[in-house]
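For reference, my_file-v2.cif (mmCIF, C-alpha atoms):
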data_structure
loop_
_atom_site.label_atom_id
_atom_site.label_comp_id
_atom_site.auth_asym_id
_atom_site.auth_seq_id
_atom_site.Cartn_x
_atom_site.Cartn_y
_atom_site.Cartn_z
CA MET A 20 -20.76 7.67 -6.09
CA ASP A 21 -19.72 8.33 -2.48
CA ASP A 22 -16.58 7.06 -0.76
CA ILE A 23 -18.44 4.37 1.22
CA MET A 24 -19.97 2.85 -1.92
CA LEU A 25 -16.62 2.93 -3.73
CA GLU A 26 -15.01 1.09 -0.80
CA ILE A 27 -17.76 -1.55 -0.79
CA ILE A 28 -17.39 -2.15 -4.53
CA GLY A 29 -13.62 -2.42 -4.20
CA ASP A 30 -13.78 -4.95 -1.37
CA ASP A 31 -16.32 -7.05 -3.25
CA HIS A 32 -13.99 -7.21 -6.29
CA GLU A 33 -16.77 -6.36 -8.70
CA SER A 34 -15.91 -5.70 -12.33
CA SER A 35 -18.21 -4.45 -15.04
CA ASN A 36 -16.11 -5.40 -18.07
CA VAL A 37 -13.95 -8.36 -19.08
CA ASN A 38 -11.64 -5.86 -20.79
CA THR A 39 -9.28 -3.75 -18.70
CA PRO A 40 -10.82 -0.22 -18.51
CA MET A 41 -8.64 2.04 -20.64
CA LYS A 42 -8.84 5.62 -21.91
CA LYS A 43 -9.06 6.12 -25.67
CA ASP A 44 -5.82 8.12 -25.62
CA ALA A 45 -4.01 5.67 -23.33
CA PHE A 46 -1.01 5.26 -25.61
CA GLU A 47 -0.51 8.76 -26.97
CA LEU A 48 2.24 9.42 -24.41
CA SER A 49 5.57 7.65 -24.73
CA ASP A 50 6.86 5.49 -21.87
CA ASP A 51 9.43 8.15 -21.01
CA GLU A 52 6.73 10.84 -20.86
CA LYS A 53 4.61 8.65 -18.57
CA ILE A 54 7.60 8.01 -16.30
CA GLY A 55 8.23 11.74 -15.98
CA ILE A 56 4.61 12.49 -15.08
CA ILE A 57 4.33 9.64 -12.58
CA GLU A 58 7.64 10.65 -11.00
CA SER A 59 6.34 14.15 -10.40
CA HIS A 60 3.05 12.93 -8.92
CA PHE A 61 4.69 10.34 -6.69
CA HIS A 62 7.13 12.95 -5.41
CA GLN A 63 4.11 15.03 -4.40
CA ILE A 64 2.49 12.03 -2.67
CA MET A 65 5.62 11.35 -0.63
CA ASP A 66 6.01 15.05 0.20
CA THR A 67 2.37 15.22 1.29
CA LEU A 68 2.94 12.27 3.61
CA GLY A 69 5.62 14.35 5.29
CA LEU A 70 8.72 12.55 4.04
CA ASP A 71 11.94 14.51 3.65
CA MET A 72 12.51 14.36 -0.10
CA ASN A 73 16.04 15.71 0.28
CA ASP A 74 17.12 12.59 2.16
CA ASP A 75 19.56 10.47 0.13
CA SER A 76 17.48 7.33 0.66
CA LEU A 77 14.23 8.92 -0.56
CA LYS A 78 15.04 11.41 -3.29
CA GLY A 79 15.43 8.75 -5.99
CA THR A 80 12.28 6.87 -5.00
CA PRO A 81 9.76 8.73 -7.22
CA ARG A 82 11.84 7.95 -10.32
CA ARG A 83 12.30 4.32 -9.32
CA VAL A 84 8.59 3.88 -8.67
CA ALA A 85 7.65 5.52 -11.98
CA LYS A 86 10.00 3.28 -13.95
CA MET A 87 8.76 0.23 -12.06
CA TYR A 88 5.13 1.04 -12.89
CA VAL A 89 5.69 1.64 -16.60
CA LYS A 90 8.45 -0.85 -17.41
CA GLU A 91 7.84 -3.71 -14.98
CA MET A 92 4.53 -3.89 -13.15
CA PHE A 93 2.11 -2.56 -15.77
CA TRP A 94 3.70 -3.19 -19.18
CA GLY A 95 0.80 -5.51 -19.99
CA LEU A 96 -1.52 -2.52 -20.39
CA ASN A 97 -0.04 -1.83 -23.82
CA PRO A 98 -1.32 -4.23 -26.51
CA ALA A 99 1.92 -3.62 -28.41
CA ASN A 100 3.58 -5.75 -25.73
CA LYS A 101 1.28 -8.73 -26.22
CA PRO A 102 3.40 -11.87 -26.75
CA ILE A 103 3.36 -13.37 -30.21
CA ALA A 104 1.87 -16.79 -29.53
CA SER A 105 2.91 -18.94 -32.47
CA HIS A 106 0.86 -22.05 -32.94
CA PHE A 107 1.55 -25.20 -34.89
CA LYS A 108 -0.44 -27.80 -36.73
CA ASN A 109 -1.46 -30.69 -34.53
CA LYS A 110 0.52 -33.20 -36.60
CA PHE A 111 0.31 -35.92 -33.96
CA LYS A 112 -3.49 -35.64 -33.95
CA TYR A 113 -3.32 -35.34 -30.16
CA SER A 114 -6.90 -35.05 -28.96
CA GLU A 115 -6.70 -35.25 -25.16
CA MET A 116 -6.37 -32.30 -22.81
CA LEU A 117 -3.06 -30.52 -22.42
CA ILE A 118 -2.38 -28.87 -19.06
CA GLU A 119 0.21 -26.31 -18.02
CA LYS A 120 0.15 -26.35 -14.22
CA ASP A 121 1.51 -24.00 -11.53
CA ILE A 122 2.29 -20.96 -13.67
CA ASN A 123 3.53 -18.37 -11.19
CA PHE A 124 2.25 -14.82 -11.57
CA TYR A 125 2.47 -11.55 -9.67
CA THR A 126 0.00 -8.75 -10.27
CA ASN A 127 -1.65 -5.82 -8.48
CA CYS A 128 -5.21 -5.36 -7.31
CA GLU A 129 -6.74 -2.44 -9.18
CA HIS A 130 -8.77 -1.38 -6.12
CA HIS A 131 -5.86 -0.68 -3.75
CA PHE A 132 -2.75 -1.08 -5.96
CA VAL A 133 -1.27 -3.71 -3.69
CA PRO A 134 -0.09 -7.11 -4.92
CA PHE A 135 -1.89 -10.37 -5.33
CA PHE A 136 0.00 -13.39 -6.53
CA GLY A 137 -0.26 -17.12 -6.94
CA LYS A 138 -0.48 -19.83 -9.56
CA ALA A 139 -2.48 -20.27 -12.74
CA HIS A 140 -3.39 -23.59 -14.32
CA VAL A 141 -4.40 -23.55 -17.98
CA ALA A 142 -5.70 -26.41 -20.08
CA TYR A 143 -7.05 -26.94 -23.56
CA ILE A 144 -8.14 -29.75 -25.84
CA PRO A 145 -6.41 -29.29 -29.21
CA ASN A 146 -8.40 -28.86 -32.34
CA GLY A 147 -6.24 -28.25 -35.39
CA LYS A 148 -3.63 -26.21 -33.51
CA VAL A 149 -1.25 -26.49 -30.56
CA ILE A 150 0.75 -23.75 -28.88
CA GLY A 151 4.30 -23.73 -27.49
CA LEU A 152 4.27 -24.41 -23.75
CA SER A 153 6.28 -21.30 -22.85
CA LYS A 154 3.70 -19.18 -24.67
CA LEU A 155 1.09 -20.24 -22.13
CA ASN A 156 3.30 -18.78 -19.39
CA ARG A 157 3.81 -15.59 -21.39
CA ILE A 158 0.08 -15.12 -21.91
CA VAL A 159 -0.52 -15.40 -18.15
CA GLU A 160 2.31 -12.94 -17.48
CA TYR A 161 0.96 -10.44 -20.04
CA PHE A 162 -2.46 -10.24 -18.44
CA ALA A 163 -0.91 -10.14 -14.95
CA LYS A 164 1.22 -7.10 -15.76
CA ARG A 165 -1.56 -4.56 -15.27
CA PRO A 166 -3.87 -3.49 -12.44
CA GLN A 167 -6.17 -6.49 -12.18
CA VAL A 168 -9.22 -8.16 -10.74
CA GLN A 169 -8.75 -11.92 -10.38
CA GLU A 170 -12.07 -12.78 -12.01
CA ARG A 171 -11.27 -10.57 -15.01
CA MET A 172 -7.75 -11.94 -15.35
CA THR A 173 -9.09 -15.51 -15.41
CA MET A 174 -11.53 -14.66 -18.21
CA GLN A 175 -8.98 -12.64 -20.19
CA ILE A 176 -6.53 -15.55 -20.28
CA ALA A 177 -9.26 -17.96 -21.34
CA ASN A 178 -10.54 -15.65 -24.08
CA GLU A 179 -7.02 -15.12 -25.42
CA LEU A 180 -6.37 -18.86 -25.60
CA LYS A 181 -9.68 -19.48 -27.36
CA SER A 182 -8.80 -16.82 -29.92
CA ILE A 183 -5.29 -18.17 -30.56
CA LEU A 184 -6.23 -21.85 -30.68
CA GLY A 185 -9.51 -21.49 -32.53
CA THR A 186 -11.35 -23.65 -30.02
CA GLU A 187 -13.79 -23.18 -27.17
CA ASN A 188 -12.27 -26.10 -25.27
CA VAL A 189 -10.22 -24.08 -22.79
CA ALA A 190 -10.06 -23.97 -18.98
CA VAL A 191 -8.27 -21.58 -16.64
CA ILE A 192 -8.01 -21.90 -12.85
CA ILE A 193 -6.25 -19.30 -10.70
CA ASN A 194 -5.41 -19.51 -7.00
CA ALA A 195 -4.07 -16.33 -5.43
CA LYS A 196 -3.23 -14.62 -2.17
CA HIS A 197 -4.38 -10.99 -1.97
CA LEU A 198 -2.36 -8.59 0.14
CA CYS A 199 -5.30 -6.17 0.20
CA VAL A 200 -6.97 -8.85 2.36
CA ALA A 201 -3.84 -9.91 4.25
CA SER A 202 -2.33 -6.51 5.05
CA ARG A 203 -5.35 -4.20 5.36
CA GLY A 204 -9.08 -4.36 6.05
CA ILE A 205 -9.84 -7.76 7.58
CA LYS A 206 -6.08 -8.57 7.78
CA ASP A 207 -6.57 -12.28 7.11
CA ASP A 208 -3.15 -13.68 6.28
CA SER A 209 -4.27 -17.28 5.66
CA SER A 210 -7.01 -17.09 3.03
CA HIS A 211 -6.64 -17.66 -0.71
CA THR A 212 -8.99 -16.94 -3.61
CA THR A 213 -9.73 -19.39 -6.43
CA THR A 214 -11.40 -18.47 -9.70
CA SER A 215 -12.11 -20.61 -12.75
CA GLU A 216 -13.35 -20.34 -16.31
CA TYR A 217 -14.53 -23.53 -18.01
CA CYS A 218 -15.36 -23.32 -21.70
CA GLY A 219 -16.54 -25.78 -24.33
CA LYS A 220 -16.03 -29.43 -23.36
CA PHE A 221 -14.62 -28.39 -19.98
CA GLN A 222 -18.17 -27.52 -18.93
CA GLU A 223 -19.01 -31.23 -19.13
CA GLU A 224 -18.83 -32.75 -15.66
CA ASN A 225 -16.70 -35.77 -16.61
CA VAL A 226 -14.13 -33.59 -18.44
CA LYS A 227 -14.01 -31.13 -15.55
CA LEU A 228 -13.46 -33.98 -13.07
CA GLU A 229 -10.65 -35.38 -15.23
CA LEU A 230 -8.98 -31.97 -15.26
CA HIS A 231 -9.20 -31.73 -11.47
CA ARG A 232 -7.82 -35.28 -11.12
CA LEU A 233 -4.81 -34.48 -13.31
CA LEU A 234 -4.15 -31.22 -11.48
CA ALA A 235 -4.10 -33.10 -8.19
CA LEU A 236 -1.29 -35.37 -9.41
CA SER A 237 2.20 -34.37 -8.30
#
Now that the file is in, can you turn its structure into structure tokens?
Amino acid sequence: MDDIMLEIIGDDHESSNVNTPMKKDAFELSDDEKIGIIESHFHQIMDTLGLDMNDDSLKGTPRRVAKMYVKEMFWGLNPANKPIASHFKNKFKYSEMLIEKDINFYTNCEHHFVPFFGKAHVAYIPNGKVIGLSKLNRIVEYFAKRPQVQERMTMQIANELKSILGTENVAVIINAKHLCVASRGIKDDSSHTTTSEYCGKFQEENVKLELHRLLALS
């Protein structure tokens, strides 16, 4: 595939798999080993750009970037870091939709490795289980802490909630600002991108409209 086609695919935010593409041996190296390798490669990138790597301000940058990638920005790649989402019996027999609105997230576009960020809204209609509210935030954060495509992230969160709650009645809406659009290419600083995944009862028009009405409330 030539460079032009790769650029077109990247700008169109296409994704062939709902799962994050990973090598089979992705977790054979320890975090410390990964940090060492990334540090070396990033040092070479900076040197290639012509930066003076002996300067006091720059010489620690490769190590800082490597640690940031492994420990902060991309820790969600490792399934061992998946949050334990405890659920509870729905003792109150609550049967209406539950919404967690305006969950802030910060992730990185996998096509250019620059940030996109915004808010996620998640909703579900309980079956026999409910989940702690903070766990909804943690699930969003887990899937954000990896190189991402917004469409994939939306689906991954929805699929995880369906698995945990044992119900198809889940909805996820994400609104985000992409710096790969704002700071490069078209350089449009005002646009936002919205994606949604409606499952089960949320595909019914009256339920979807009720969700949108509740989200619009302050």
Could I get the residues of segment 46-130 of chain A with an atom no further than 7 Å from an atom of segment 144-165 of chain A, each paired with its nearest atom pair and that distance in Å to one decimal, using all atoms listed in the file, sorted by chain and residue number, as a tab-separated table?
residue	atom	partner	partner_atom	distance
A:Met92	CA	A:Lys164	CA	5.3
A:Phe93	CA	A:Arg165	CA	4.2
A:Trp94	CA	A:Lys164	CA	5.8
A:Gly95	CA	A:Lys164	CA	4.5
A:Leu96	CA	A:Arg165	CA	5.5
A:Lys101	CA	A:Tyr161	CA	6.4
A:Pro102	CA	A:Arg157	CA	6.5
A:Ala104	CA	A:Lys154	CA	5.7
A:Ser105	CA	A:Ile150	CA	6.4
A:His106	CA	A:Ile150	CA	4.4
A:Phe107	CA	A:Val149	CA	5.3
A:Lys108	CA	A:Lys148	CA	4.8
A:Asn109	CA	A:Lys148	CA	5.1
A:Tyr113	CA	A:Pro145	CA	6.9
A:Ser114	CA	A:Pro145	CA	5.8
A:Glu115	CA	A:Ile144	CA	5.7
A:Met116	CA	A:Ile144	CA	4.3
A:Leu117	CA	A:Ile144	CA	6.2
A:Ile122	CA	A:Asn156	CA	6.2
A:Phe124	CA	A:Glu160	CA	6.2
A:Tyr125	CA	A:Ala163	CA	6.4
A:Thr126	CA	A:Ala163	CA	5.0
A:Asn127	CA	A:Arg165	CA	6.9
Write a file of the just-selected residues containing C-alpha atoms, as a PDB file, in the frame of the given file.
ATOM      1  CA  MET A  92       4.530  -3.890 -13.150  1.00  0.00           C
ATOM      2  CA  PHE A  93       2.110  -2.560 -15.770  1.00  0.00           C
ATOM      3  CA  TRP A  94       3.700  -3.190 -19.180  1.00  0.00           C
ATOM      4  CA  GLY A  95       0.800  -5.510 -19.990  1.00  0.00           C
ATOM      5  CA  LEU A  96      -1.520  -2.520 -20.390  1.00  0.00           C
ATOM      6  CA  LYS A 101       1.280  -8.730 -26.220  1.00  0.00           C
ATOM      7  CA  PRO A 102       3.400 -11.870 -26.750  1.00  0.00           C
ATOM      8  CA  ALA A 104       1.870 -16.790 -29.530  1.00  0.00           C
ATOM      9  CA  SER A 105       2.910 -18.940 -32.470  1.00  0.00           C
ATOM     10  CA  HIS A 106       0.860 -22.050 -32.940  1.00  0.00           C
ATOM     11  CA  PHE A 107       1.550 -25.200 -34.890  1.00  0.00           C
ATOM     12  CA  LYS A 108      -0.440 -27.800 -36.730  1.00  0.00           C
ATOM     13  CA  ASN A 109      -1.460 -30.690 -34.530  1.00  0.00           C
ATOM     14  CA  TYR A 113      -3.320 -35.340 -30.160  1.00  0.00           C
ATOM     15  CA  SER A 114      -6.900 -35.050 -28.960  1.00  0.00           C
ATOM     16  CA  GLU A 115      -6.700 -35.250 -25.160  1.00  0.00           C
ATOM     17  CA  MET A 116      -6.370 -32.300 -22.810  1.00  0.00           C
ATOM     18  CA  LEU A 117      -3.060 -30.520 -22.420  1.00  0.00           C
ATOM     19  CA  ILE A 122       2.290 -20.960 -13.670  1.00  0.00           C
ATOM     20  CA  PHE A 124       2.250 -14.820 -11.570  1.00  0.00           C
ATOM     21  CA  TYR A 125       2.470 -11.550  -9.670  1.00  0.00           C
ATOM     22  CA  THR A 126       0.000  -8.750 -10.270  1.00  0.00           C
ATOM     23  CA  ASN A 127      -1.650  -5.820  -8.480  1.00  0.00           C
TER      24      ASN A 127
END
Task: Matched chain/residue IDs from the PyMOL selection byres ((chain A and resi 234) around 10), as a ChimeraX atom specification - done: /A:118-121,140,142,228-233,235-237
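One finds atom CA of Lys206 of chain A at 28.2 Å from atom CA of Arg83 of chain A.
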Open item on the list: Just to confirm, what's the straight-line distance from atom CA of Pro40 of chain A to atom CA of Ile54 of chain A in Å (one decimal)?
Closed with: 20.3 Å
TODO: Could you tell me which residues the PyMOL selection byres ((chain A and resi 188) around 10) returns for this structure, as a PyMOL selection string?
DONE: chain A and resi 116+142-146+177+180-181+184-187+189-190+217-222
- [ ] Can you work out the spacing between atom CA of Ile57 of chain A and atom CA of Pro98 of chain A in Å, to one decimal?
- [x] 20.5 Å
Evaluated on this file, the PyMOL selection byres ((chain A and resi 209) around 10) picks out some residues - which ones are they, written as a PDB file with C-alpha atoms, in the coordinates of the input?
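out.pdb was written with the following content:
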ATOM      1  CA  LYS A 196      -3.230 -14.620  -2.170  1.00  0.00           C
ATOM      2  CA  HIS A 197      -4.380 -10.990  -1.970  1.00  0.00           C
ATOM      3  CA  VAL A 200      -6.970  -8.850   2.360  1.00  0.00           C
ATOM      4  CA  ALA A 201      -3.840  -9.910   4.250  1.00  0.00           C
ATOM      5  CA  LYS A 206      -6.080  -8.570   7.780  1.00  0.00           C
ATOM      6  CA  ASP A 207      -6.570 -12.280   7.110  1.00  0.00           C
ATOM      7  CA  ASP A 208      -3.150 -13.680   6.280  1.00  0.00           C
ATOM      8  CA  SER A 210      -7.010 -17.090   3.030  1.00  0.00           C
ATOM      9  CA  HIS A 211      -6.640 -17.660  -0.710  1.00  0.00           C
TER      10      HIS A 211
END
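Across A:Thr80, A:Asn97, A:Ser59, A:Thr67, the tightest approach to Asp44 of chain A is made by A:Asn97 when counting only C-alpha atoms.
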Open item on the list: So, with all atoms listed in the file as the atoms that count, which of A:Asn38, A:Asp50, A:Ile183, A:Ile176 lies closest to Glu91 of chain A?
Closed with: A:Asp50
Task: Of the listed residues A:Tyr88, A:Glu179, A:Cys128, A:Phe111, that which approaches Lys53 of chain A most closely, counting only C-alpha atoms - done: A:Tyr88
Any idea what's packed within 10 Å of Gln63 of chain A, counting only C-alpha atoms, ignoring anything in its chain fewer than 6 positions away? Could you give it as a PDB file with C-alpha atoms, in the coordinates of the input?
ATOM      1  CA  ILE A  57       4.330   9.640 -12.580  1.00  0.00           C
ATOM      2  CA  GLY A  69       5.620  14.350   5.290  1.00  0.00           C
ATOM      3  CA  LEU A  70       8.720  12.550   4.040  1.00  0.00           C
ATOM      4  CA  MET A  72      12.510  14.360  -0.100  1.00  0.00           C
ATOM      5  CA  PRO A  81       9.760   8.730  -7.220  1.00  0.00           C
TER       6      PRO A  81
END
Can you give me N, CA and C atoms for segment 109-132 of chain A, written as an mmCIF file, in the frame of the given file?
data_model
loop_
_atom_site.group_PDB
_atom_site.id
_atom_site.type_symbol
_atom_site.label_atom_id
_atom_site.label_comp_id
_atom_site.auth_asym_id
_atom_site.auth_seq_id
_atom_site.Cartn_x
_atom_site.Cartn_y
_atom_site.Cartn_z
ATOM 1 N N ASN A 109 -1.424 -29.551 -35.439
ATOM 2 C CA ASN A 109 -1.460 -30.690 -34.530
ATOM 3 C C ASN A 109 -1.151 -31.965 -35.323
ATOM 4 N N LYS A 110 0.132 -32.099 -35.710
ATOM 5 C CA LYS A 110 0.520 -33.200 -36.600
ATOM 6 C C LYS A 110 0.352 -34.570 -35.967
ATOM 7 N N PHE A 111 0.449 -34.633 -34.632
ATOM 8 C CA PHE A 111 0.310 -35.920 -33.960
ATOM 9 C C PHE A 111 -1.153 -36.309 -33.755
ATOM 10 N N LYS A 112 -2.063 -35.403 -34.134
ATOM 11 C CA LYS A 112 -3.490 -35.640 -33.950
ATOM 12 C C LYS A 112 -3.820 -35.901 -32.466
ATOM 13 N N TYR A 113 -3.073 -35.200 -31.585
ATOM 14 C CA TYR A 113 -3.320 -35.340 -30.160
ATOM 15 C C TYR A 113 -4.674 -34.740 -29.827
ATOM 16 N N SER A 114 -5.521 -35.504 -29.162
ATOM 17 C CA SER A 114 -6.900 -35.050 -28.960
ATOM 18 C C SER A 114 -7.320 -35.023 -27.498
ATOM 19 N N GLU A 115 -6.381 -35.318 -26.578
ATOM 20 C CA GLU A 115 -6.700 -35.250 -25.160
ATOM 21 C C GLU A 115 -6.298 -33.879 -24.611
ATOM 22 N N MET A 116 -6.666 -33.617 -23.356
ATOM 23 C CA MET A 116 -6.370 -32.300 -22.810
ATOM 24 C C MET A 116 -4.879 -32.120 -22.537
ATOM 25 N N LEU A 117 -4.423 -30.908 -22.735
ATOM 26 C CA LEU A 117 -3.060 -30.520 -22.420
ATOM 27 C C LEU A 117 -3.138 -29.502 -21.295
ATOM 28 N N ILE A 118 -2.318 -29.707 -20.256
ATOM 29 C CA ILE A 118 -2.380 -28.870 -19.060
ATOM 30 C C ILE A 118 -1.009 -28.266 -18.773
ATOM 31 N N GLU A 119 -0.963 -26.971 -18.546
ATOM 32 C CA GLU A 119 0.210 -26.310 -18.020
ATOM 33 C C GLU A 119 -0.138 -25.881 -16.593
ATOM 34 N N LYS A 120 0.518 -26.494 -15.625
ATOM 35 C CA LYS A 120 0.150 -26.350 -14.220
ATOM 36 C C LYS A 120 1.143 -25.450 -13.476
ATOM 37 N N ASP A 121 0.667 -24.773 -12.452
ATOM 38 C CA ASP A 121 1.510 -24.000 -11.530
ATOM 39 C C ASP A 121 2.314 -22.908 -12.230
ATOM 40 N N ILE A 122 1.652 -22.122 -13.053
ATOM 41 C CA ILE A 122 2.290 -20.960 -13.670
ATOM 42 C C ILE A 122 2.284 -19.822 -12.654
ATOM 43 N N ASN A 123 3.444 -19.433 -12.188
ATOM 44 C CA ASN A 123 3.530 -18.370 -11.190
ATOM 45 C C ASN A 123 3.222 -17.008 -11.816
ATOM 46 N N PHE A 124 2.502 -16.177 -11.105
ATOM 47 C CA PHE A 124 2.250 -14.820 -11.570
ATOM 48 C C PHE A 124 2.249 -13.874 -10.377
ATOM 49 N N TYR A 125 2.456 -12.608 -10.681
ATOM 50 C CA TYR A 125 2.470 -11.550 -9.670
ATOM 51 C C TYR A 125 1.817 -10.338 -10.290
ATOM 52 N N THR A 126 0.723 -9.885 -9.710
ATOM 53 C CA THR A 126 0.000 -8.750 -10.270
ATOM 54 C C THR A 126 -0.416 -7.813 -9.142
ATOM 55 N N ASN A 127 -1.220 -6.801 -9.472
ATOM 56 C CA ASN A 127 -1.650 -5.820 -8.480
ATOM 57 C C ASN A 127 -3.156 -5.612 -8.561
ATOM 58 N N CYS A 128 -3.774 -5.607 -7.401
ATOM 59 C CA CYS A 128 -5.210 -5.360 -7.310
ATOM 60 C C CYS A 128 -5.512 -3.923 -7.765
ATOM 61 N N GLU A 129 -6.462 -3.779 -8.661
ATOM 62 C CA GLU A 129 -6.740 -2.440 -9.180
ATOM 63 C C GLU A 129 -7.494 -1.563 -8.179
ATOM 64 N N HIS A 130 -7.998 -2.156 -7.094
ATOM 65 C CA HIS A 130 -8.770 -1.380 -6.120
ATOM 66 C C HIS A 130 -7.882 -0.667 -5.097
ATOM 67 N N HIS A 131 -6.737 -1.280 -4.752
ATOM 68 C CA HIS A 131 -5.860 -0.680 -3.750
ATOM 69 C C HIS A 131 -4.406 -0.582 -4.209
ATOM 70 N N PHE A 132 -4.119 -1.106 -5.419
ATOM 71 C CA PHE A 132 -2.750 -1.080 -5.960
ATOM 72 C C PHE A 132 -1.760 -1.744 -5.020
#
